[in-house]
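A.B. asks: Please see the structure below; I have some questions.
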Amino acid sequence: MKTIIGYLIVLCISSIQSVYAAEIWRNISSLQADFKQQIQGERGAIPVLYSGKIYAANNKVKWEYDKPLVKEVYLEKNVAYIYEPQLQQVTIGTLKENVDFIRILKQVKKTANDTYQTTIGNVIYSVVVKDSLPYLLSYKDSLDNNVSIVFSNVKMNIPIDSQIFIFQPPDNVEYIEAH
């Protein structure tokens with residue numbers, strides 16, 4: 001009898017630890033990861049594929065795209081800077097909502113096993129967690145494109161040098177205000 005009770009206690013503790021570990025990603029303060037992004041437009045259209053790195057901390061996000069072209073996207077609260085070196089151009093825009101990736105992760109609610117969802121503004125964001133780490137972010141953008149971003153080599157709650165979030169384009173770029 002003592003063996004059965006001991007086994008049940010171990011089983012209960014193990015279950016509680018497993019539930020806690022499965023959602024430990026909710027205590028996120030920073031994130032660094034590689035990503036592959038697919039943007040699918042109209043039915044039958046060829047999807048656009050991108051890849052690169054993401055850094056997120058303290059209401060700031062930097063997306064470093066390396067394929068198919070080099071581009072940097074800086075987000076801080078509701079301001080976006082998109083730097084495209086090949087075009088020697090910086091697009092500056094104001095976002096209706098703060099779409100900080102960490103904010104999305106902290107707001108999601110569980111909808112199915114390992115799947116979570118939140119709405120920010122008019123956009124519904126879905127997140128899939130795999131091995132207690134963010135794995136997939138998907139949403140429909142303002143142009144009605146289906147966007148999916150798969151993360152790999154995810155590192156959470158690590159120190160990220162604040163210099164990475166400072167946008168310093170070269171002097172010879174053209175600035176464009178997005179409306």
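Residue numbers start at 1 in each chain; chains themselves are named A, B, ... in the order of the structure tokens; ligands are numbered from 1 in the order shown.
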Mind checking which residues fall within 9 Å of A:Gly93, counting only C-alpha atoms, ignoring those fewer than 6 positions away in the same chain, and posting them as a list in words?

C.D. replies: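 Returned residues: Asn78, Val79, Ala80, Tyr81, Ile82, Ile176, Glu177, Ala178 and His179 of chain A.
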
A.B. asks: Could you give me, as an mmCIF file with N, CA and C atoms, in the first residue's frame, the residues within 7 Å of A:Tyr135, counting only C-alpha atoms and dropping anything in the same chain fewer than 4 positions from it?

C.D. replies:
data_model
loop_
_atom_site.group_PDB
_atom_site.id
_atom_site.type_symbol
_atom_site.label_atom_id
_atom_site.label_comp_id
_atom_site.auth_asym_id
_atom_site.auth_seq_id
_atom_site.Cartn_x
_atom_site.Cartn_y
_atom_site.Cartn_z
ATOM 1 N N VAL A 128 2.262 28.084 -31.961
ATOM 2 C CA VAL A 128 2.420 26.669 -31.625
ATOM 3 C C VAL A 128 3.719 26.545 -30.839
ATOM 4 N N VAL A 129 3.638 25.822 -29.720
ATOM 5 C CA VAL A 129 4.794 25.601 -28.857
ATOM 6 C C VAL A 129 5.239 24.160 -29.038
ATOM 7 N N LYS A 130 6.552 23.976 -29.173
ATOM 8 C CA LYS A 130 7.103 22.634 -29.342
ATOM 9 C C LYS A 130 8.304 22.513 -28.407
ATOM 10 N N VAL A 150 8.346 29.974 -38.814
ATOM 11 C CA VAL A 150 8.823 28.830 -38.037
ATOM 12 C C VAL A 150 10.155 29.217 -37.408
ATOM 13 N N PHE A 151 10.268 28.968 -36.104
ATOM 14 C CA PHE A 151 11.479 29.320 -35.357
ATOM 15 C C PHE A 151 12.313 28.078 -35.079
ATOM 16 N N SER A 152 13.639 28.265 -35.115
ATOM 17 C CA SER A 152 14.563 27.184 -34.750
ATOM 18 C C SER A 152 15.715 27.800 -33.963
#

A.B. asks: Identify which of the residues A:Leu31, A:Asp161, A:Ser142, A:Arg26 lies closest to A:Lys110, counting only C-alpha atoms when measuring atom-to-atom distances.

C.D. replies: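 Closest to A:Lys110 of all the choices is A:Arg26.
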
A.B. asks: Could you check which of A:Thr94, A:Lys140, A:Pro134, A:Pro169 is closest to A:Glu42, using only C-alpha atoms?

C.D. replies: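 Among the listed residues, A:Lys140 lies closest to A:Glu42.
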
A.B. asks: Quick one: residues within 12 Å of stretch 112-116 of chain A, only C-alpha atoms, excluding same-chain residues fewer than 5 positions away - as a PyMOL selection string?

C.D. replies: chain A and resi 19+22-23+25-26+104-107+124-139

A.B. asks: Residues near stretch 62-77 of chain A, anyone? I mean within 8 Å using only C-alpha atoms, not counting same-chain ones fewer than 6 positions away, as a list in words.

C.D. replies: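 In the requested format, the answer is Leu49, Tyr50, Ser51, Gly52, Lys53, Ile54, Tyr55, Ala56, Tyr83, Glu84, Pro85, Gln86, Glu97, Asn98, Val99, Asp100, Ile164, Phe165 and Phe167 of chain A.
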
A.B. asks: May I have the selected residues written with N, CA and C atoms, as a PDB file, in the first residue's frame?

C.D. replies:
ATOM      1  N   LEU A  49       9.256  33.191 -49.662  1.00  0.00           N
ATOM      2  CA  LEU A  49       9.967  32.586 -48.544  1.00  0.00           C
ATOM      3  C   LEU A  49      11.119  33.477 -48.108  1.00  0.00           C
ATOM      4  N   TYR A  50      11.224  33.700 -46.814  1.00  0.00           N
ATOM      5  CA  TYR A  50      12.293  34.500 -46.228  1.00  0.00           C
ATOM      6  C   TYR A  50      12.953  33.690 -45.124  1.00  0.00           C
ATOM      7  N   SER A  51      14.176  34.082 -44.760  1.00  0.00           N
ATOM      8  CA  SER A  51      14.818  33.487 -43.586  1.00  0.00           C
ATOM      9  C   SER A  51      15.739  34.507 -42.953  1.00  0.00           C
ATOM     10  N   GLY A  52      16.072  34.260 -41.697  1.00  0.00           N
ATOM     11  CA  GLY A  52      16.967  35.170 -40.988  1.00  0.00           C
ATOM     12  C   GLY A  52      16.990  34.896 -39.510  1.00  0.00           C
ATOM     13  N   LYS A  53      17.223  35.960 -38.726  1.00  0.00           N
ATOM     14  CA  LYS A  53      17.294  35.885 -37.263  1.00  0.00           C
ATOM     15  C   LYS A  53      16.364  36.911 -36.655  1.00  0.00           C
ATOM     16  N   ILE A  54      15.835  36.582 -35.478  1.00  0.00           N
ATOM     17  CA  ILE A  54      15.023  37.521 -34.719  1.00  0.00           C
ATOM     18  C   ILE A  54      15.659  37.705 -33.345  1.00  0.00           C
ATOM     19  N   TYR A  55      15.602  38.954 -32.870  1.00  0.00           N
ATOM     20  CA  TYR A  55      16.026  39.302 -31.513  1.00  0.00           C
ATOM     21  C   TYR A  55      14.866  40.086 -30.900  1.00  0.00           C
ATOM     22  N   ALA A  56      14.504  39.762 -29.667  1.00  0.00           N
ATOM     23  CA  ALA A  56      13.406  40.484 -29.009  1.00  0.00           C
ATOM     24  C   ALA A  56      13.707  40.634 -27.520  1.00  0.00           C
ATOM     25  N   TYR A  83      14.847  48.693 -43.207  1.00  0.00           N
ATOM     26  CA  TYR A  83      16.044  49.102 -43.942  1.00  0.00           C
ATOM     27  C   TYR A  83      16.354  48.051 -45.007  1.00  0.00           C
ATOM     28  N   GLU A  84      16.391  48.512 -46.273  1.00  0.00           N
ATOM     29  CA  GLU A  84      16.707  47.636 -47.394  1.00  0.00           C
ATOM     30  C   GLU A  84      17.976  48.146 -48.064  1.00  0.00           C
ATOM     31  N   PRO A  85      19.133  47.547 -47.718  1.00  0.00           N
ATOM     32  CA  PRO A  85      20.422  48.024 -48.212  1.00  0.00           C
ATOM     33  C   PRO A  85      20.527  48.064 -49.744  1.00  0.00           C
ATOM     34  N   GLN A  86      19.969  47.065 -50.429  1.00  0.00           N
ATOM     35  CA  GLN A  86      20.074  47.041 -51.892  1.00  0.00           C
ATOM     36  C   GLN A  86      19.351  48.217 -52.533  1.00  0.00           C
ATOM     37  N   GLU A  97      -0.876  49.077 -33.516  1.00  0.00           N
ATOM     38  CA  GLU A  97      -0.721  48.363 -32.249  1.00  0.00           C
ATOM     39  C   GLU A  97       0.736  47.975 -32.054  1.00  0.00           C
ATOM     40  N   ASN A  98       1.124  47.817 -30.803  1.00  0.00           N
ATOM     41  CA  ASN A  98       2.439  47.294 -30.472  1.00  0.00           C
ATOM     42  C   ASN A  98       2.405  45.790 -30.743  1.00  0.00           C
ATOM     43  N   VAL A  99       3.168  45.340 -31.724  1.00  0.00           N
ATOM     44  CA  VAL A  99       3.182  43.912 -32.068  1.00  0.00           C
ATOM     45  C   VAL A  99       4.509  43.266 -31.674  1.00  0.00           C
ATOM     46  N   ASP A 100       5.020  43.668 -30.547  1.00  0.00           N
ATOM     47  CA  ASP A 100       6.217  43.065 -29.991  1.00  0.00           C
ATOM     48  C   ASP A 100       5.969  41.569 -29.827  1.00  0.00           C
ATOM     49  N   ILE A 164      22.076  45.963 -30.378  1.00  0.00           N
ATOM     50  CA  ILE A 164      21.489  45.272 -31.528  1.00  0.00           C
ATOM     51  C   ILE A 164      20.183  45.919 -31.969  1.00  0.00           C
ATOM     52  N   PHE A 165      19.517  46.629 -31.044  1.00  0.00           N
ATOM     53  CA  PHE A 165      18.235  47.247 -31.341  1.00  0.00           C
ATOM     54  C   PHE A 165      18.360  48.704 -31.797  1.00  0.00           C
ATOM     55  N   PHE A 167      19.011  51.396 -34.385  1.00  0.00           N
ATOM     56  CA  PHE A 167      18.983  51.492 -35.836  1.00  0.00           C
ATOM     57  C   PHE A 167      19.917  52.605 -36.299  1.00  0.00           C
TER      58      PHE A 167
END

A.B. asks: Let's see if you can do this: from backbone DSSP, list all helix (DSSP H, G or I) residues in chain A, as a PyMOL selection string.

C.D. replies: chain A and resi 2-22+24-27+85-87+101-107+162-165
